[in-house]
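A short worksheet on the structure shown next.
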Amino acid sequence: MLHIVNKSSFERNSLKSCLNTIDDTSVMLLIEDGVISAAKNTNAPMIADLAVQGRVYALQGDVEARGISSKLADNIKLVGYAGFVDLVVEHGTAVSWV
Amino acid sequence: MLHIVNKSSFERNSLKSCLNTIDDTSVMLLIEDGVISAAKNTNAPMIADLAVQGRVYALQGDVEARGISSKLADNIKLVGYAGFVDLVVEHGTAVSWV
Amino acid sequence: MATKKFMYLNRRSSFGTIYAIESLEVVLIAAAFEQDVSLAFIDDGVYQIVEGQNADGIGMKNFSKTFHALGDYDINKLYVSAESLEERGLSADDLMPLVYEDEDDDWAEKPSIKVVFNVELSKIMSEQDVCLSF
Amino acid sequence: MATKKFMYLNRRSSFGTIYAIESLEVVLIAAAFEQDVSLAFIDDGVYQIVEGQNADGIGMKNFSKTFHALGDYDINKLYVSAESLEERGLSADDLMPLVYEDEDDDWAEKPSIKVVFNVELSKIMSEQDVCLSF
Amino acid sequence: MKISIQVNEGPYQHQASDTAYQFAKAAIEKGHEIFRVFFYHDGVNNASRFTLPPQDDRNVINQWAELGIKNADGEPELVVCIAAALRRGMLDESEASKNDINGNNLHPAFRISGLGQLIEAGIKSDRLVVFGD
Amino acid sequence: MKISIQVNEGPYQHQASDTAYQFAKAAIEKGHEIFRVFFYHDGVNNASRFTLPPQDDRNVINQWAELGIKNADGEPELVVCIAAALRRGMLDESEASKNDINGNNLHPAFRISGLGQLIEAGIKSDRLVVFGD
């Protein structure tokens with residue numbers, strides 16, 4: 001599955017809820033304000049394990065818009081909108097944690 | 001001052017942010033999904049100190065709508081919309097943590 | 001049409017936003033399509049099916065009773081997060097007694113609500129073909 | 001008209017919602033009313049004034065440069081929560097160098113941004129007459 | 001006391017407009033004056049005369065209209081921000097014709113005006129209360 | 001692959017519609033088929049022909065319209081939920097006249113239909129992706 005998180009983990013509980021239910025074979029894509037969770041900050045440990053496994057993606061346009069390109073946490077994979085489409089195609093059912 | 005919180009402290013960080021800046025003379029009013037924070041739950045300790053001081057109000061209609069009338073944490077004062085108006089009148093500047 | 005597994009993911013309470021009621025509107029329409037339908041109540045979504053909601057004081061429509069109709073439409077898989085309930089000081093007893101009649105068991109009345117831990121929820125989610133989020 | 005103390009409370013990042021840009025639109029209009037204007041950046045609001053935002057990749061308008069105009073309108077009290085910065089792994093050096101010219105000090109260029117701890121922010125808020133939240 | 005209100009969200013999607021209405025109604029019943037209600041952000045969508053809620057639900061737009069909040073000149077003080085309104089498709093007759101749009105949707109109990117009206121409300125009122133998401 | 005999209009929020013207030021549009025555009029460019037875009041909740045406000053954003057900003061409504069998402073019969077597959085639309089003041093000519101409303105605001109690149117269209121999109125598409133608040 002592809003889990004899509006679009007909110008900052010500082011503002012909302014959606015990243016936490018996603019992490020509570022994501023299984024071992026699914027990947028996560030951070031979009032919109034969700035990319036804030038991909039920056040080096042006090043919330044970064046939440047996704048560190050998943051990132052080490054290469055299972056955390058972030059939408060590049062949103063990362064650049066928020067001025068955090070140079071502050072990304074380790075092992076985050078950047079994708080564009082075409083990469084977003086590929087993730088949807090490759091990973092089966094998409095779950096949006098809106 | 002009157003601090004107004006309208007979101008659940010499980011979903012958002014607004015109650016926490018309000019508590020970070022509320023001063024000793026201000027009161028807090030929980031409205032809409034903010035009343036969820038007035039129920040006995042794992043987040044209740046966040047407002048316990050303020051509630052003991054008689055400084056936490058919750059909007060009764062919202063409490064009843066969410067089915068938590070019988071589960072309110074201690075020392076929460078219920079008000080109707082008229083009481084909401086009185087709080088605005090009596091406590092000076094209103095700050096909404098939308 | 002092929003049968004697919006549809007999950008409706010509900011994470012917000014009843015009245016602060018319209019997502020709860022408009023989610024229920026989709027579920028009622030979905031019943032006509034004879035798909036495999038599951039509802040998940042996570043986070044503040046558990047408040048949607050709490051017993052004793054009364055919206056008179058806020059001038060809004062109380063739609064929570066509509067959940068009782070779901071059983072008649074063969075929608076009887078309502079998964080509720082045990083962890084979400086517990087955090088909120090709630091238990092299964094605080095929820096509406098939603099039931100359905102099991103046609104494979106002489107129409108015995110059975111509960112529609114299943115309180116499940118996140119690990120089970122995770123497994124149920126992974127079996128879905130479509131997830132609609134509200 | 002009487003002079004009042006207006007605070008603009010910004011708690012969301014720049015592009016996920018419109019609140020940031022529409023808040024800035026109010027602030028620019030407010031300048032014409034010669035009131036006492038303060039801006040507070042708390043929580044993800046601190047991202048509004050981070051240096052190096054580039055919205056080309058999401059097809060949206062990059063309005064962050066407009067913050068540089070505030071000094072020309074005598075809006076020079078931008079309070080930024082130190083705790084919010086720190087949680088986000090940011091420091092004052094990561095913010096845009098927003099300045100104004102102080103007419104009481106031979107038009108010397110001074111920083112508009114003041115990083116303050118919550119306890120100071122609390123005091124500043126308590127002095128306001130009007131708080132507009134975005 | 002003079003009280004003004006800012007509404008940041010549209011009808012139905014969020015409770016903000018409902019709560020703001022109940023608050024305004026209670027304030028009027030207690031003898032206070034609602035100086036102005038300013039609809040900003042998606043709040044501008046509260047002013048649509050096209051809104052058709054289900055029969056058994058409240059009509060948020062008509063509720064506001066029935067409060068009859070007006071100034072001494074009889075002008076409505078339910079004020080819709082023009083910048084926010086245009087980018088969200090809320091038009092009065094004048095804006096529609098100015099932009100060559102056939103039709104308009106502003107309810108006559110509301111009027112469109114600039115952001116200065118929000119600042120003015122803050123200055124001239126004893127209190128300003130914000131309702132939003 | 002056949003992909004459908006659900007949009008839960010209106011234009012400008014949230015990024016949801018922008019992201020959904022960029023996703024749809026990228027999918028089409030990669031040779032996939034967008035079977036349907038279903039606008040639900042405040043998402044119905046993406047279909048207003050009255051929308052007038054500032055000159056230097058994107059026009060979210062026209063962006064969607066220009067994607068030209070249609071079915072084999074040439075009908076638009078930008079579908080607006082009728083129940084959500086009526087309670088938010090989004091009307092086509094037929095709904096307006098049925099309800100004695102003077103005027104309508106639906107952009108011709110969109111059509112109004114029932115919630116069944118969302119379920120059908122879920123059944124007939126290989127993927128359904130939700131964009132919201």
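Ordering of the structure tokens sets the chain letters (A, B, ...); residue numbers start at 1 within each chain; ligands are numbered from 1 in the order shown.
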Contact residues (chain C, partner chain B, 10 Å, only C-alpha atoms) as an MDAnalysis selection string: chainID C and resid 11:17 43:44 47:62 84:90 94:95
Serialized selection, N, CA and C atoms, as a compact mmCIF listing (two decimals), in the first residue's frame:
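Final file, result_5.txt:
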# COMPACT_ATOMS: atom_id res chain seq x y z
N ARG C 11 -11.88 9.62 10.73
CA ARG C 11 -10.96 10.04 11.78
C ARG C 11 -11.36 11.33 12.48
N ARG C 12 -12.58 11.84 12.21
CA ARG C 12 -13.00 13.10 12.84
C ARG C 12 -14.34 12.92 13.55
N SER C 13 -14.58 13.78 14.52
CA SER C 13 -15.80 13.66 15.29
C SER C 13 -17.00 14.12 14.48
N SER C 14 -18.18 14.09 15.08
CA SER C 14 -19.43 14.20 14.33
C SER C 14 -19.76 15.59 13.79
N PHE C 15 -19.50 16.65 14.58
CA PHE C 15 -20.10 17.94 14.24
C PHE C 15 -19.12 19.07 13.93
N GLY C 16 -17.87 18.94 14.31
CA GLY C 16 -16.90 20.01 14.07
C GLY C 16 -16.68 20.26 12.59
N THR C 17 -16.78 19.19 11.83
CA THR C 17 -16.69 19.28 10.36
C THR C 17 -17.77 18.38 9.76
N ASP C 43 -8.91 7.45 15.78
CA ASP C 43 -8.73 8.80 16.34
C ASP C 43 -10.10 9.36 16.78
N ASP C 44 -10.35 10.65 16.55
CA ASP C 44 -11.62 11.23 17.00
C ASP C 44 -12.81 10.67 16.23
N TYR C 47 -15.77 9.06 18.07
CA TYR C 47 -16.89 9.84 18.62
C TYR C 47 -18.12 9.82 17.72
N GLN C 48 -17.94 9.44 16.43
CA GLN C 48 -19.10 9.39 15.53
C GLN C 48 -20.13 8.36 16.00
N ILE C 49 -19.67 7.29 16.65
CA ILE C 49 -20.60 6.23 17.02
C ILE C 49 -20.76 6.11 18.53
N VAL C 50 -20.43 7.18 19.25
CA VAL C 50 -20.67 7.21 20.69
C VAL C 50 -22.17 7.36 20.95
N GLU C 51 -22.68 6.64 21.94
CA GLU C 51 -24.09 6.71 22.32
C GLU C 51 -24.36 8.06 22.98
N GLY C 52 -25.57 8.59 22.74
CA GLY C 52 -26.02 9.76 23.51
C GLY C 52 -25.63 11.11 22.94
N GLN C 53 -25.35 11.19 21.65
CA GLN C 53 -25.07 12.50 21.04
C GLN C 53 -26.38 13.28 20.91
N ASN C 54 -26.34 14.57 21.25
CA ASN C 54 -27.54 15.39 21.18
C ASN C 54 -27.16 16.77 20.63
N ALA C 55 -27.53 17.00 19.37
CA ALA C 55 -27.08 18.21 18.69
C ALA C 55 -28.08 19.37 18.80
N ASP C 56 -29.14 19.20 19.60
CA ASP C 56 -30.15 20.27 19.71
C ASP C 56 -29.52 21.61 20.09
N GLY C 57 -28.57 21.56 21.01
CA GLY C 57 -28.00 22.79 21.55
C GLY C 57 -27.11 23.55 20.59
N ILE C 58 -26.73 22.93 19.48
CA ILE C 58 -25.88 23.65 18.52
C ILE C 58 -26.61 23.90 17.20
N GLY C 59 -27.91 23.59 17.18
CA GLY C 59 -28.71 23.91 16.00
C GLY C 59 -28.36 23.09 14.78
N MET C 60 -27.76 21.93 15.01
CA MET C 60 -27.39 21.09 13.86
C MET C 60 -28.20 19.81 13.86
N LYS C 61 -28.15 19.11 12.75
CA LYS C 61 -28.92 17.88 12.58
C LYS C 61 -28.20 16.72 13.25
N ASN C 62 -28.95 15.98 14.07
CA ASN C 62 -28.35 14.82 14.71
C ASN C 62 -28.50 13.61 13.81
N SER C 84 -7.59 4.03 20.10
CA SER C 84 -8.24 5.34 20.02
C SER C 84 -9.30 5.47 21.11
N LEU C 85 -10.07 4.40 21.32
CA LEU C 85 -11.08 4.42 22.39
C LEU C 85 -10.41 4.65 23.74
N GLU C 86 -9.37 3.87 24.00
CA GLU C 86 -8.75 3.91 25.32
C GLU C 86 -8.16 5.29 25.64
N GLU C 87 -7.45 5.88 24.66
CA GLU C 87 -6.90 7.23 24.85
C GLU C 87 -7.98 8.21 25.26
N ARG C 88 -9.17 8.02 24.72
CA ARG C 88 -10.27 8.96 24.95
C ARG C 88 -11.12 8.58 26.16
N GLY C 89 -10.66 7.63 26.94
CA GLY C 89 -11.41 7.22 28.13
C GLY C 89 -12.72 6.55 27.80
N LEU C 90 -12.79 5.93 26.63
CA LEU C 90 -14.03 5.29 26.19
C LEU C 90 -13.84 3.77 26.12
N ASP C 94 -19.57 2.40 25.63
CA ASP C 94 -19.98 3.79 25.36
C ASP C 94 -20.49 3.97 23.93
N LEU C 95 -20.37 2.92 23.11
CA LEU C 95 -20.75 3.05 21.70
C LEU C 95 -22.20 2.65 21.48
8 Å contacts from chain C to chain F using only C-alpha atoms, as a VMD selection string: chain C and resid 1 to 4 18 to 19 22 26 29 to 30 33 130 to 133
With all Cα atoms paired residue by residue, do a least-squares superposition of chain B on chain A and hand back the transformed coordinates as a compact mmCIF listing (two decimals) with C-alpha atoms, in the first residue's frame.
# COMPACT_ATOMS: atom_id res chain seq x y z
CA MET B 1 -0.02 0.00 -0.01
CA LEU B 2 0.89 3.63 -0.36
CA HIS B 3 0.17 5.80 2.67
CA ILE B 4 -0.09 9.52 1.90
CA VAL B 5 0.37 12.07 4.69
CA ASN B 6 -0.31 15.73 3.90
CA LYS B 7 -0.15 17.44 7.28
CA SER B 8 2.66 18.58 9.53
CA SER B 9 3.21 16.23 12.46
CA PHE B 10 3.58 19.33 14.64
CA GLU B 11 0.04 20.48 13.82
CA ARG B 12 -1.90 17.20 13.51
CA ASN B 13 -1.93 13.57 14.55
CA SER B 14 -2.18 12.09 11.04
CA LEU B 15 1.46 11.00 10.72
CA LYS B 16 1.28 9.32 14.11
CA SER B 17 -1.95 7.54 13.18
CA CYS B 18 -0.47 6.40 9.90
CA LEU B 19 2.60 5.01 11.68
CA ASN B 20 0.28 3.15 14.07
CA THR B 21 -1.23 1.11 11.24
CA ILE B 22 1.30 0.99 8.40
CA ASP B 23 2.43 -2.58 7.74
CA ASP B 24 5.88 -3.94 6.87
CA THR B 25 5.41 -3.86 3.12
CA SER B 26 3.87 -0.41 2.68
CA VAL B 27 5.58 2.84 1.82
CA MET B 28 4.82 6.40 2.90
CA LEU B 29 4.68 9.55 0.80
CA LEU B 30 4.80 12.97 2.46
CA ILE B 31 3.07 15.75 0.49
CA GLU B 32 1.96 19.35 1.11
CA ASP B 33 2.60 20.28 4.77
CA GLY B 34 3.38 16.62 5.40
CA VAL B 35 6.92 17.28 4.13
CA ILE B 36 7.60 19.27 7.29
CA SER B 37 7.95 15.87 8.97
CA ALA B 38 10.78 15.06 6.56
CA ALA B 39 12.98 17.86 7.89
CA LYS B 40 15.57 17.41 10.63
CA ASN B 41 13.58 18.40 13.70
CA THR B 42 12.32 17.05 16.99
CA ASN B 43 9.67 15.01 15.15
CA ALA B 44 12.13 13.41 12.71
CA PRO B 45 12.67 10.30 14.88
CA MET B 46 9.03 9.34 14.19
CA ILE B 47 9.88 8.27 10.65
CA ALA B 48 13.58 7.42 11.08
CA ASP B 49 13.10 3.63 11.16
CA LEU B 50 10.90 3.65 8.09
CA ALA B 51 13.29 6.00 6.30
CA VAL B 52 16.30 3.73 6.96
CA GLN B 53 14.35 0.99 5.22
CA GLY B 54 13.95 3.24 2.18
CA ARG B 55 10.20 3.47 2.63
CA VAL B 56 9.72 7.24 3.07
CA TYR B 57 9.21 9.50 0.06
CA ALA B 58 8.62 13.24 0.01
CA LEU B 59 7.27 15.40 -2.80
CA GLN B 60 10.10 17.62 -4.03
CA GLY B 61 7.98 20.62 -4.99
CA ASP B 62 6.50 20.77 -1.52
CA VAL B 63 9.92 20.40 0.10
CA GLU B 64 11.31 23.32 -1.95
CA ALA B 65 8.24 25.47 -1.31
CA ARG B 66 8.77 25.16 2.44
CA GLY B 67 12.47 26.05 2.27
CA ILE B 68 13.63 22.80 3.85
CA SER B 69 15.61 21.24 0.95
CA SER B 70 18.89 21.62 2.83
CA LYS B 71 17.47 20.31 6.10
CA LEU B 72 16.04 16.95 5.12
CA ALA B 73 16.39 14.10 7.58
CA ASP B 74 18.45 11.10 6.45
CA ASN B 75 17.21 8.58 3.89
CA ILE B 76 14.24 10.55 2.62
CA LYS B 77 13.66 9.89 -1.09
CA LEU B 78 12.50 12.88 -3.11
CA VAL B 79 10.01 12.41 -5.96
CA GLY B 80 8.23 14.74 -8.40
CA TYR B 81 4.57 14.44 -9.43
CA ALA B 82 5.55 11.79 -12.00
CA GLY B 83 7.21 9.83 -9.22
CA PHE B 84 4.05 10.26 -7.14
CA VAL B 85 2.10 8.64 -10.00
CA ASP B 86 4.61 5.78 -10.14
CA LEU B 87 4.23 5.16 -6.41
CA VAL B 88 0.45 4.98 -6.80
CA VAL B 89 0.79 2.56 -9.69
CA GLU B 90 3.40 0.34 -8.03
CA HIS B 91 2.12 0.09 -4.46
CA GLY B 92 -1.54 -0.87 -4.88
CA THR B 93 -4.21 0.73 -2.72
CA ALA B 94 -3.56 4.32 -1.70
CA VAL B 95 -4.58 5.46 1.78
CA SER B 96 -4.76 9.21 2.39
CA TRP B 97 -4.45 10.31 6.00
CA VAL B 98 -6.34 13.55 5.36
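Here atom CA of Lys70 of chain F and atom CA of Ser17 of chain F stand 18.4 Å from one another.
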Spatial neighbours of Val60 of chain F, max dist 9 Å, only C-alpha atoms, sep filter under 2 positions, as a compact mmCIF listing (two decimals) with C-alpha atoms, in the first residue's frame:
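Done, and the output landed in selection.txt:
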# COMPACT_ATOMS: atom_id res chain seq x y z
CA PRO F 11 -9.73 26.01 -4.45
CA TYR F 12 -7.14 28.28 -2.80
CA SER F 17 -6.99 20.77 -5.36
CA ASP F 18 -3.60 22.03 -6.60
CA TYR F 21 -4.38 18.70 -10.43
CA ASN F 46 -13.61 23.91 -7.68
CA THR F 51 -13.96 32.30 -9.88
CA PRO F 53 -8.23 34.88 -9.02
CA ARG F 58 -3.02 30.41 -11.10
CA ASN F 62 -9.37 26.66 -15.58
CA GLN F 63 -6.44 24.32 -14.90
CA TRP F 64 -8.89 21.50 -14.27
CA ALA F 65 -10.99 22.47 -17.28
Residues flagged helix (DSSP H, G or I) by DSSP in chain B, as a PyMOL selection string: chain B and resi 14-21+32-38+45-52+60-65+69-71+81-90
With N, CA and C atoms retained, could you export that selection as a compact mmCIF listing (two decimals), in the first residue's frame?
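This went into again23.txt:
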# COMPACT_ATOMS: atom_id res chain seq x y z
N SER B 14 -3.41 22.92 18.91
CA SER B 14 -3.83 24.26 19.33
C SER B 14 -4.00 24.40 20.84
N LEU B 15 -4.52 23.37 21.51
CA LEU B 15 -4.65 23.47 22.97
C LEU B 15 -3.28 23.60 23.61
N LYS B 16 -2.34 22.80 23.14
CA LYS B 16 -0.99 22.84 23.68
C LYS B 16 -0.37 24.22 23.48
N SER B 17 -0.54 24.78 22.29
CA SER B 17 0.03 26.10 22.00
C SER B 17 -0.62 27.17 22.87
N CYS B 18 -1.90 27.06 23.06
CA CYS B 18 -2.60 28.00 23.93
C CYS B 18 -2.04 27.91 25.35
N LEU B 19 -1.89 26.70 25.85
CA LEU B 19 -1.37 26.52 27.22
C LEU B 19 0.06 27.06 27.35
N ASN B 20 0.81 27.03 26.25
CA ASN B 20 2.18 27.56 26.27
C ASN B 20 2.24 29.07 26.50
N THR B 21 1.16 29.77 26.16
CA THR B 21 1.23 31.24 26.21
C THR B 21 0.18 31.88 27.10
N GLU B 32 -16.76 23.80 20.06
CA GLU B 32 -16.72 22.85 18.93
C GLU B 32 -15.94 21.59 19.34
N ASP B 33 -15.04 21.09 18.50
CA ASP B 33 -14.30 19.88 18.87
C ASP B 33 -13.31 20.12 20.00
N GLY B 34 -13.13 21.37 20.39
CA GLY B 34 -12.29 21.67 21.54
C GLY B 34 -12.81 21.06 22.83
N VAL B 35 -14.13 20.82 22.90
CA VAL B 35 -14.70 20.26 24.14
C VAL B 35 -14.22 18.84 24.39
N ILE B 36 -13.73 18.18 23.35
CA ILE B 36 -13.20 16.82 23.54
C ILE B 36 -12.10 16.83 24.60
N SER B 37 -11.38 17.94 24.68
CA SER B 37 -10.31 18.06 25.69
C SER B 37 -10.86 18.22 27.09
N ALA B 38 -12.16 18.46 27.20
CA ALA B 38 -12.77 18.62 28.54
C ALA B 38 -13.28 17.30 29.09
N PRO B 45 -5.14 15.71 31.71
CA PRO B 45 -4.16 16.37 32.59
C PRO B 45 -3.64 17.70 32.03
N MET B 46 -3.71 17.89 30.71
CA MET B 46 -3.22 19.13 30.11
C MET B 46 -3.89 20.36 30.72
N ILE B 47 -5.19 20.25 30.99
CA ILE B 47 -5.91 21.42 31.48
C ILE B 47 -6.28 21.32 32.96
N ALA B 48 -5.81 20.27 33.64
CA ALA B 48 -6.24 20.03 35.03
C ALA B 48 -5.89 21.19 35.95
N ASP B 49 -4.67 21.71 35.84
CA ASP B 49 -4.25 22.81 36.72
C ASP B 49 -5.13 24.04 36.53
N LEU B 50 -5.35 24.36 35.28
CA LEU B 50 -6.17 25.53 34.95
C LEU B 50 -7.61 25.33 35.42
N ALA B 51 -8.09 24.09 35.28
CA ALA B 51 -9.47 23.79 35.67
C ALA B 51 -9.65 23.93 37.18
N VAL B 52 -8.67 23.46 37.94
CA VAL B 52 -8.74 23.56 39.41
C VAL B 52 -8.87 25.03 39.83
N GLN B 60 -21.70 24.19 26.43
CA GLN B 60 -22.58 23.05 26.76
C GLN B 60 -23.15 22.36 25.53
N GLY B 61 -23.59 23.13 24.54
CA GLY B 61 -24.17 22.53 23.34
C GLY B 61 -23.18 21.61 22.64
N ASP B 62 -21.94 22.02 22.61
CA ASP B 62 -20.92 21.19 21.97
C ASP B 62 -20.60 19.94 22.78
N VAL B 63 -20.62 20.10 24.10
CA VAL B 63 -20.39 18.94 24.98
C VAL B 63 -21.50 17.90 24.76
N GLU B 64 -22.75 18.36 24.74
CA GLU B 64 -23.88 17.42 24.56
C GLU B 64 -23.85 16.78 23.17
N ALA B 65 -23.49 17.55 22.17
CA ALA B 65 -23.46 17.03 20.80
C ALA B 65 -22.46 15.89 20.67
N SER B 69 -21.25 14.51 28.04
CA SER B 69 -21.76 15.21 29.23
C SER B 69 -21.44 14.47 30.52
N SER B 70 -21.53 13.14 30.48
CA SER B 70 -21.34 12.36 31.71
C SER B 70 -19.88 12.02 31.96
N LYS B 71 -19.01 12.49 31.08
CA LYS B 71 -17.59 12.12 31.19
C LYS B 71 -16.68 13.32 31.36
N TYR B 81 -24.42 29.74 24.90
CA TYR B 81 -23.94 30.83 24.03
C TYR B 81 -24.01 32.18 24.75
N ALA B 82 -25.04 32.37 25.61
CA ALA B 82 -25.12 33.62 26.37
C ALA B 82 -23.93 33.74 27.31
N GLY B 83 -23.55 32.62 27.91
CA GLY B 83 -22.38 32.63 28.78
C GLY B 83 -21.10 32.90 28.01
N PHE B 84 -21.04 32.41 26.79
CA PHE B 84 -19.92 32.68 25.87
C PHE B 84 -19.81 34.20 25.68
N VAL B 85 -20.95 34.84 25.41
CA VAL B 85 -20.96 36.29 25.21
C VAL B 85 -20.46 36.99 26.48
N ASP B 86 -20.92 36.54 27.63
CA ASP B 86 -20.48 37.15 28.89
C ASP B 86 -18.97 37.02 29.06
N LEU B 87 -18.42 35.87 28.72
CA LEU B 87 -16.97 35.68 28.84
C LEU B 87 -16.22 36.67 27.94
N VAL B 88 -16.73 36.86 26.73
CA VAL B 88 -16.09 37.80 25.81
C VAL B 88 -16.15 39.22 26.38
N VAL B 89 -17.29 39.57 26.94
CA VAL B 89 -17.46 40.91 27.49
C VAL B 89 -16.55 41.12 28.70
N GLU B 90 -16.49 40.11 29.58
CA GLU B 90 -15.80 40.28 30.86
C GLU B 90 -14.28 40.15 30.79
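For the pair atom CA of Leu67 of chain F and atom CA of Lys25 of chain F, the separation is 7.1 Å.
Taking only C-alpha atoms, the non-local environment of Val79 of chain F within 6 Å (same-chain residues fewer than 3 positions away omitted) comprises Phe38, Phe110, Arg111 and Ile112 of chain F.
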Go ahead and save the picked residues with N, CA and C atoms, as a PDB file, in the first residue's frame.
ATOM      1  N   PHE F  38     -13.678  13.135  -8.889  1.00  0.00           N
ATOM      2  CA  PHE F  38     -14.926  13.357  -8.169  1.00  0.00           C
ATOM      3  C   PHE F  38     -14.716  14.427  -7.111  1.00  0.00           C
ATOM      4  N   PHE F 110     -17.391  20.843 -16.121  1.00  0.00           N
ATOM      5  CA  PHE F 110     -17.765  19.935 -15.029  1.00  0.00           C
ATOM      6  C   PHE F 110     -19.218  19.500 -15.219  1.00  0.00           C
ATOM      7  N   ARG F 111     -19.580  18.399 -14.578  1.00  0.00           N
ATOM      8  CA  ARG F 111     -21.002  18.058 -14.527  1.00  0.00           C
ATOM      9  C   ARG F 111     -21.386  17.633 -13.122  1.00  0.00           C
ATOM     10  N   ILE F 112     -22.653  17.841 -12.788  1.00  0.00           N
ATOM     11  CA  ILE F 112     -23.164  17.475 -11.469  1.00  0.00           C
ATOM     12  C   ILE F 112     -23.795  16.096 -11.549  1.00  0.00           C
TER      13      ILE F 112
END
Which of segment 48-95 of chain B fall in strand (DSSP E or B), as a ChimeraX atom specification: /B:56-59,72,77-79,94-95
Ser112 of chain D environment, 6 Å, only C-alpha atoms, sequence neighbours closer than 4 positions dropped, as a PyMOL selection string: chain D and resi 76-78+98-99
Selected residues written out with N, CA and C atoms, as a CSV table (one decimal), in the first residue's frame:
chain,number,residue,atom,x,y,z
D,76,ASN,N,7.0,46.6,11.9
D,76,ASN,CA,8.4,46.1,12.3
D,76,ASN,C,8.5,45.3,13.6
D,77,LYS,N,7.3,44.8,14.0
D,77,LYS,CA,7.3,44.0,15.2
D,77,LYS,C,6.8,42.6,14.8
D,78,LEU,N,7.8,41.8,14.4
D,78,LEU,CA,7.5,40.4,14.1
D,78,LEU,C,8.1,39.5,15.2
D,98,LEU,N,14.5,40.3,7.6
D,98,LEU,CA,13.6,41.4,7.5
D,98,LEU,C,14.0,42.6,8.3
D,99,VAL,N,14.0,43.8,7.7
D,99,VAL,CA,14.5,45.0,8.4
D,99,VAL,C,13.6,46.1,8.2
Which of F:Ala27, F:Val80, F:Ala47, F:Ile34 sits closest to Ile3 of chain F [using only C-alpha atoms]: F:Ile34
